[in-house]
>>> print(open('start.txt').read())   # compact mmCIF, C-alpha atoms
# COMPACT_ATOMS: atom_id res chain seq x y z
CA MET A 6 28.06 83.70 37.14
CA LYS A 7 26.79 86.64 39.16
CA LYS A 8 28.73 87.21 42.37
CA SER A 9 25.43 87.90 44.14
CA TYR A 10 24.85 84.12 44.23
CA LEU A 11 28.09 83.65 46.17
CA ASN A 12 27.30 86.52 48.53
CA ARG A 13 23.78 85.24 49.06
CA GLY A 14 25.14 81.74 49.67
CA ILE A 15 27.72 82.91 52.22
CA ILE A 16 25.12 84.98 54.10
CA CYS A 17 22.71 82.04 54.18
CA VAL A 18 25.43 79.62 55.38
CA LEU A 19 26.53 82.03 58.12
CA ALA A 20 22.95 82.60 59.22
CA GLY A 21 22.30 78.86 59.09
CA LEU A 22 25.38 78.17 61.23
CA CYS A 23 24.21 80.72 63.80
CA PHE A 24 20.82 79.03 64.04
CA LEU A 25 22.49 75.61 64.15
CA LEU A 26 24.76 76.66 67.03
CA ALA A 27 21.79 78.18 68.83
CA ALA A 28 19.86 74.93 68.37
CA VAL A 29 22.77 72.79 69.60
CA PHE A 30 23.88 74.87 72.57
CA THR A 31 20.58 76.17 73.92
CA GLU A 32 17.65 74.40 75.50
CA SER A 33 14.35 76.00 74.65
CA VAL A 34 10.92 75.25 73.34
CA PHE A 35 12.06 76.77 70.03
CA ASP A 36 14.65 74.04 69.36
CA GLY A 37 12.59 72.49 66.57
CA LEU A 38 12.11 75.88 64.95
CA LEU A 39 15.85 76.66 65.20
CA TRP A 40 16.75 73.32 63.58
CA GLY A 41 14.25 73.98 60.83
CA VAL A 42 15.51 77.49 60.10
CA ALA A 43 19.13 76.26 60.23
CA GLY A 44 18.38 73.56 57.65
CA GLY A 45 16.37 75.99 55.54
CA ALA A 46 19.28 78.45 55.43
CA LEU A 47 22.18 76.00 55.14
CA GLY A 48 20.69 73.91 52.31
CA PRO A 49 20.08 76.68 49.77
CA GLY A 50 23.21 78.56 50.94
CA ILE A 51 25.50 75.61 50.23
CA GLY A 52 23.63 75.05 46.97
CA TRP A 53 24.25 78.63 45.80
CA ILE A 54 27.95 78.47 46.70
CA ILE A 55 28.37 75.18 44.77
CA GLN A 56 26.43 76.63 41.83
CA HIS A 57 28.63 79.72 41.82
CA PHE A 58 31.87 77.73 41.57
CA TYR A 59 30.44 75.21 39.10
CA TRP A 60 29.11 77.82 36.67
CA SER A 61 32.11 80.12 37.09
CA ALA A 62 34.45 77.45 35.72
CA PRO A 63 35.65 78.49 32.21
CA LYS A 64 34.40 75.25 30.57
CA ASN A 65 30.82 75.90 31.83
CA GLN A 66 30.55 79.60 31.05
CA GLU A 67 29.20 79.28 27.51
CA ARG A 68 26.55 76.80 28.64
CA TYR A 69 25.70 79.07 31.57
CA ARG A 70 25.22 82.03 29.22
CA GLU A 71 22.84 79.97 27.04
CA ILE A 72 20.87 78.77 30.07
CA GLN A 73 20.64 82.33 31.39
CA GLU A 74 19.40 83.61 28.05
CA GLN A 75 16.77 80.87 27.85
CA GLU A 76 15.70 81.53 31.45
CA ASP A 77 15.38 85.23 30.67
CA ILE A 78 13.26 84.45 27.61
CA ASN A 79 11.05 82.07 29.61
CA LEU A 80 10.69 84.58 32.43
CA HIS A 81 9.48 87.36 30.13
CA ASP A 82 7.67 85.14 27.65
CA GLU A 83 4.15 86.55 27.33
CA LEU A 84 2.39 83.19 27.12
CA ASN A 85 4.23 82.01 30.24
CA GLU A 86 3.27 85.25 32.00
CA LYS A 87 -0.35 84.80 30.99
CA LEU A 88 -0.34 81.18 32.19
CA ARG A 89 1.32 82.19 35.47
CA ASP A 90 -1.37 84.84 36.03
CA LYS A 91 -4.10 82.38 35.19
CA SER A 92 -2.67 79.62 37.40
CA GLY A 93 -2.30 82.17 40.22
CA ARG A 94 -5.96 83.09 39.90
CA ILE A 95 -7.04 79.45 39.86
CA ALA A 96 -4.82 78.68 42.88
CA TYR A 97 -6.31 81.72 44.68
CA ASN A 98 -9.86 80.50 44.05
CA ILE A 99 -8.99 76.93 45.10
CA GLY A 100 -7.33 78.35 48.24
CA LEU A 101 -10.53 80.22 49.14
CA LEU A 102 -12.56 77.08 48.58
CA ILE A 103 -10.21 75.02 50.77
CA ILE A 104 -10.51 77.61 53.56
CA CYS A 105 -14.32 77.43 53.36
CA ILE A 106 -14.29 73.62 53.44
CA SER A 107 -11.78 73.63 56.32
CA GLU A 108 -14.05 75.94 58.33
CA ILE A 109 -16.95 73.53 57.90
CA VAL A 110 -14.78 70.48 58.71
CA PHE A 111 -13.30 72.05 61.86
CA SER A 112 -16.75 73.19 62.97
CA ILE A 113 -18.09 69.66 62.61
CA LEU A 114 -15.03 68.16 64.38
CA GLY A 115 -15.45 70.66 67.20
CA LYS A 116 -19.20 70.12 67.58
CA THR A 117 -18.79 66.34 67.61
CA GLY A 118 -16.05 66.56 70.25
CA VAL A 119 -13.24 65.15 68.10
CA ILE A 120 -11.16 68.27 68.72
CA THR A 121 -11.29 70.85 71.47
CA ASP A 122 -10.84 74.59 71.11
CA HIS A 123 -12.11 74.49 67.57
CA LYS A 124 -13.45 78.02 67.82
CA ILE A 125 -10.03 79.63 67.57
CA ILE A 126 -9.24 77.61 64.41
CA VAL A 127 -12.60 78.46 62.82
CA LEU A 128 -12.17 82.12 63.76
CA TYR A 129 -8.65 82.12 62.30
CA LEU A 130 -9.84 80.48 59.07
CA PHE A 131 -12.74 82.92 58.78
CA SER A 132 -10.35 85.86 59.31
CA LEU A 133 -7.99 84.43 56.68
CA PHE A 134 -10.92 84.03 54.27
CA VAL A 135 -12.03 87.64 54.75
CA PHE A 136 -8.43 88.88 54.53
CA GLN A 137 -7.86 87.03 51.24
CA ILE A 138 -10.97 88.54 49.67
CA VAL A 139 -10.24 92.05 50.96
CA ILE A 140 -6.57 91.99 49.93
CA GLY A 141 -7.60 90.64 46.51
CA LYS A 142 -9.95 93.60 46.01
CA VAL A 143 -7.43 96.14 47.37
CA VAL A 144 -4.61 94.90 45.11
CA TYR A 145 -6.98 94.87 42.12
CA HIS A 146 -8.02 98.49 42.72
CA GLN A 147 -4.40 99.55 43.26
CA LEU A 148 -3.44 97.97 39.94
CA ARG A 149 -6.53 99.43 38.23
CA ARG A 150 -5.44 102.94 39.21
CA LYS A 151 -2.21 102.48 37.29
CA TYR A 152 -4.01 101.86 33.99
CA MET B 18 -7.75 84.62 14.42
CA GLU B 19 -5.74 82.86 11.75
CA ASN B 20 -2.12 83.51 10.93
CA ARG B 21 0.58 82.70 8.40
CA VAL B 22 3.43 82.45 10.90
CA GLU B 23 4.19 78.75 10.31
CA LYS B 24 4.17 79.19 6.53
CA LEU B 25 6.43 82.25 6.66
CA ARG B 26 8.80 80.60 9.12
CA LYS B 27 9.12 77.49 6.97
CA GLU B 28 9.65 79.59 3.86
CA ARG B 29 12.67 81.07 5.59
CA GLY B 30 13.91 77.62 6.57
CA LEU B 31 13.75 78.29 10.27
CA LYS B 32 13.07 75.82 13.05
CA GLN B 33 10.64 76.81 15.80
CA GLU B 34 13.55 77.08 18.27
CA GLU B 35 15.49 79.41 15.99
CA PHE B 36 12.48 81.61 15.28
CA ALA B 37 11.56 81.68 18.98
CA LYS B 38 15.06 82.75 19.91
CA ALA B 39 15.05 85.47 17.24
CA ILE B 40 11.85 87.05 18.55
CA ARG B 41 12.76 86.27 22.18
CA VAL B 42 9.86 84.05 23.17
CA SER B 43 9.71 80.39 24.16
CA ARG B 44 9.35 77.64 21.56
CA GLN B 45 6.00 76.70 23.15
CA THR B 46 4.71 80.21 22.45
CA VAL B 47 5.67 79.93 18.78
CA SER B 48 4.00 76.53 18.61
CA SER B 49 0.81 77.86 20.27
CA ILE B 50 0.69 80.84 17.91
CA GLU B 51 1.17 78.63 14.85
CA THR B 52 -1.58 76.22 15.88
CA GLY B 53 -3.90 79.13 16.67
CA LYS B 54 -4.21 78.20 20.35
CA TYR B 55 -2.78 81.54 21.41
CA ASN B 56 -3.16 85.00 19.92
CA PRO B 57 -0.06 87.11 20.53
CA SER B 58 -0.17 90.55 22.11
CA LEU B 59 -0.02 93.58 19.83
CA ASP B 60 3.59 94.07 20.87
CA LEU B 61 4.57 90.52 19.91
CA ALA B 62 2.52 90.72 16.71
CA PHE B 63 4.56 93.80 15.72
CA THR B 64 7.79 91.98 16.58
CA ILE B 65 6.76 89.05 14.37
CA ALA B 66 5.69 91.37 11.56
CA ASP B 67 9.00 93.27 11.80
CA PHE B 68 10.92 89.99 11.71
CA PHE B 69 9.27 88.96 8.46
CA GLY B 70 9.38 92.51 7.06
CA MET B 71 5.61 92.59 6.65
CA THR B 72 2.62 94.31 8.18
CA ILE B 73 0.52 92.71 10.92
CA GLU B 74 -2.48 92.48 8.57
CA GLU B 75 -0.44 90.45 6.10
CA ILE B 76 0.36 87.85 8.78
CA PHE B 77 -2.62 87.82 11.12
CA ILE B 78 -6.12 87.49 9.71
CA HIS B 79 -8.87 88.55 12.04
CA LYS B 80 -11.93 86.52 11.10
CA GLY B 81 -14.37 89.05 12.55
CA GLY B 82 -12.68 91.86 10.68
CA ALA B 83 -14.62 91.44 7.42
CA ASN B 84 -17.94 91.29 9.28
CA ASN B 85 -17.11 94.38 11.28
CA GLU B 86 -16.35 96.31 8.12
CA LYS B 87 -19.58 95.05 6.59
CA GLU B 88 -21.59 96.15 9.62
CA LEU B 89 -19.99 99.57 9.52
CA SER B 90 -20.74 100.09 5.85
CA GLU B 91 -24.42 99.11 6.28
>>> encode(input="start.txt", output="C-alpha cells")
Amino acid sequence: MKKSYLNRGIICVLAGLCFLLAAVFTESVFDGLLWGVAGGALGPGIGWIIQHFYWSAPKNQERYREIQEQEDINLHDELNEKLRDKSGRIAYNIGLLIICISEIVFSILGKTGVITDHKIIVLYLFSLFVFQIVIGKVVYHQLRRKY
Amino acid sequence: MENRVEKLRKERGLKQEEFAKAIRVSRQTVSSIETGKYNPSLDLAFTIADFFGMTIEEIFIHKGGANNEKELSE
C-alpha cells in the first residue's frame, strides 16, 4: 500500500491531537468547533493508519492489488464519469431550487415573526444563489475555451 | 445504435467481467453497451474493435447511417 496513506494518517492524527489538547486545556467559545475538528481529523487519520498496516501485510497484498485495479477502472470508466457529471448537474440544479425555496421560507418566517433577523439569512441565500449561477457560467466558459 | 458486442464476446467464451477487465471498463458499462442503453465513446469503440480484431462498422451499426447516405445520394 502507498506510504502516502500512512503519512497522511500520521499528519491527521497529530493535527487531531493538537486540536483535542486545545479543546481540553482551553476555555473559549470555539470549544465545540475544536472538538469537531479534532474528531474530524483523528477519525480518518486512525483509519488510514489501520488501513496502511492491514493492506501492507503480505497475505493481503494480492487482494489489495486487485481492489486497486478495480478502483482505477471504476474511477476512469467512461459511463461512471458520464453518470457522475450528470448527477453533479442534477445535484447543482436541485441545490439552486432548495436555495430559492429556502429564501421564500425564511422570508415568510421573518414576516410572520417566527424568526428575527431574517434579512441577513435571506440576503446570504440570495448571494449564494447568485454566486452559484455566476460561478457555473464562469467555469463553463473556462472549460469551453479549452476545447 | 445497435451492436454485436454480446454476440462477439460470447463467441470468444468470455464473461462480462473478463471482457470488462480486458478493455478496462466496469462490468456495468459492458452490460449497458450490450443492452444498447449506452453508446460508447469513439475511443472505447476503437478499443472494443481492436479487442475483437474488427472495424468499428463491423461491430456498431448506426441506424441513421443508411438514411444519411440515402439523403446524400438524393
>>> interface_residues(input="start.txt", of="chain A", to="chain B", cutoff="12 Å", atoms="all atoms listed in the file", output="JSON, numbers by chain")
{"A": [71, 74, 75, 76, 77, 78, 79, 80, 81, 82, 83, 84, 85, 86, 87, 88]}
>>> closest_residue(input="start.txt", among="A:Glu67, A:Ile104, A:Gly14, A:Val110", to="Gln137 in chain A", atoms="only C-alpha atoms")
A:Ile104
>>> atom_distance(input="start.txt", atom1="CA of Val135 in chain A", atom2="CA of Cys105 in chain A")
10.6 Å
>>> residues_around(input="start.txt", residues="Gly37 in chain A", least_positions_apart="6", cutoff="12 Å", atoms="all atoms listed in the file", output="PyMOL selection string")
chain A and resi 24-25+27-29+31+43-44
>>> atom_distance(input="start.txt", atom1="CA of Ser48 in chain B", atom2="CA of Glu34 in chain B")
9.6 Å
>>> build_atoms(input="start.txt", residues="range 138-151 of chain A", atoms="N, CA and C atoms", output="PDB file, keeping the file's coordinate frame")
ATOM      1  N   ILE A 138     -10.045  87.843  50.570  1.00  0.00           N
ATOM      2  CA  ILE A 138     -10.970  88.540  49.670  1.00  0.00           C
ATOM      3  C   ILE A 138     -10.675  90.044  49.668  1.00  0.00           C
ATOM      4  N   VAL A 139     -10.482  90.608  50.865  1.00  0.00           N
ATOM      5  CA  VAL A 139     -10.240  92.050  50.960  1.00  0.00           C
ATOM      6  C   VAL A 139      -8.930  92.420  50.259  1.00  0.00           C
ATOM      7  N   ILE A 140      -7.872  91.663  50.531  1.00  0.00           N
ATOM      8  CA  ILE A 140      -6.570  91.990  49.930  1.00  0.00           C
ATOM      9  C   ILE A 140      -6.638  91.822  48.401  1.00  0.00           C
ATOM     10  N   GLY A 141      -7.415  90.848  47.952  1.00  0.00           N
ATOM     11  CA  GLY A 141      -7.600  90.640  46.510  1.00  0.00           C
ATOM     12  C   GLY A 141      -8.224  91.874  45.869  1.00  0.00           C
ATOM     13  N   LYS A 142      -9.261  92.415  46.533  1.00  0.00           N
ATOM     14  CA  LYS A 142      -9.950  93.600  46.010  1.00  0.00           C
ATOM     15  C   LYS A 142      -9.026  94.832  46.083  1.00  0.00           C
ATOM     16  N   VAL A 143      -8.310  94.974  47.190  1.00  0.00           N
ATOM     17  CA  VAL A 143      -7.430  96.140  47.370  1.00  0.00           C
ATOM     18  C   VAL A 143      -6.333  96.145  46.298  1.00  0.00           C
ATOM     19  N   VAL A 144      -5.688  94.991  46.111  1.00  0.00           N
ATOM     20  CA  VAL A 144      -4.610  94.900  45.110  1.00  0.00           C
ATOM     21  C   VAL A 144      -5.164  95.188  43.713  1.00  0.00           C
ATOM     22  N   TYR A 145      -6.364  94.643  43.428  1.00  0.00           N
ATOM     23  CA  TYR A 145      -6.980  94.870  42.120  1.00  0.00           C
ATOM     24  C   TYR A 145      -7.195  96.375  41.884  1.00  0.00           C
ATOM     25  N   HIS A 146      -7.751  97.064  42.899  1.00  0.00           N
ATOM     26  CA  HIS A 146      -8.020  98.490  42.720  1.00  0.00           C
ATOM     27  C   HIS A 146      -6.731  99.315  42.632  1.00  0.00           C
ATOM     28  N   GLN A 147      -5.711  98.876  43.351  1.00  0.00           N
ATOM     29  CA  GLN A 147      -4.400  99.550  43.260  1.00  0.00           C
ATOM     30  C   GLN A 147      -3.847  99.416  41.840  1.00  0.00           C
ATOM     31  N   LEU A 148      -3.937  98.212  41.299  1.00  0.00           N
ATOM     32  CA  LEU A 148      -3.440  97.970  39.940  1.00  0.00           C
ATOM     33  C   LEU A 148      -4.285  98.721  38.916  1.00  0.00           C
ATOM     34  N   ARG A 149      -5.602  98.770  39.156  1.00  0.00           N
ATOM     35  CA  ARG A 149      -6.530  99.430  38.230  1.00  0.00           C
ATOM     36  C   ARG A 149      -6.191 100.919  38.104  1.00  0.00           C
ATOM     37  N   ARG A 150      -5.778 101.525  39.214  1.00  0.00           N
ATOM     38  CA  ARG A 150      -5.440 102.940  39.210  1.00  0.00           C
ATOM     39  C   ARG A 150      -4.269 103.247  38.272  1.00  0.00           C
ATOM     40  N   LYS A 151      -3.401 102.256  38.110  1.00  0.00           N
ATOM     41  CA  LYS A 151      -2.210 102.480  37.290  1.00  0.00           C
ATOM     42  C   LYS A 151      -2.523 102.498  35.795  1.00  0.00           C
TER      43      LYS A 151
END
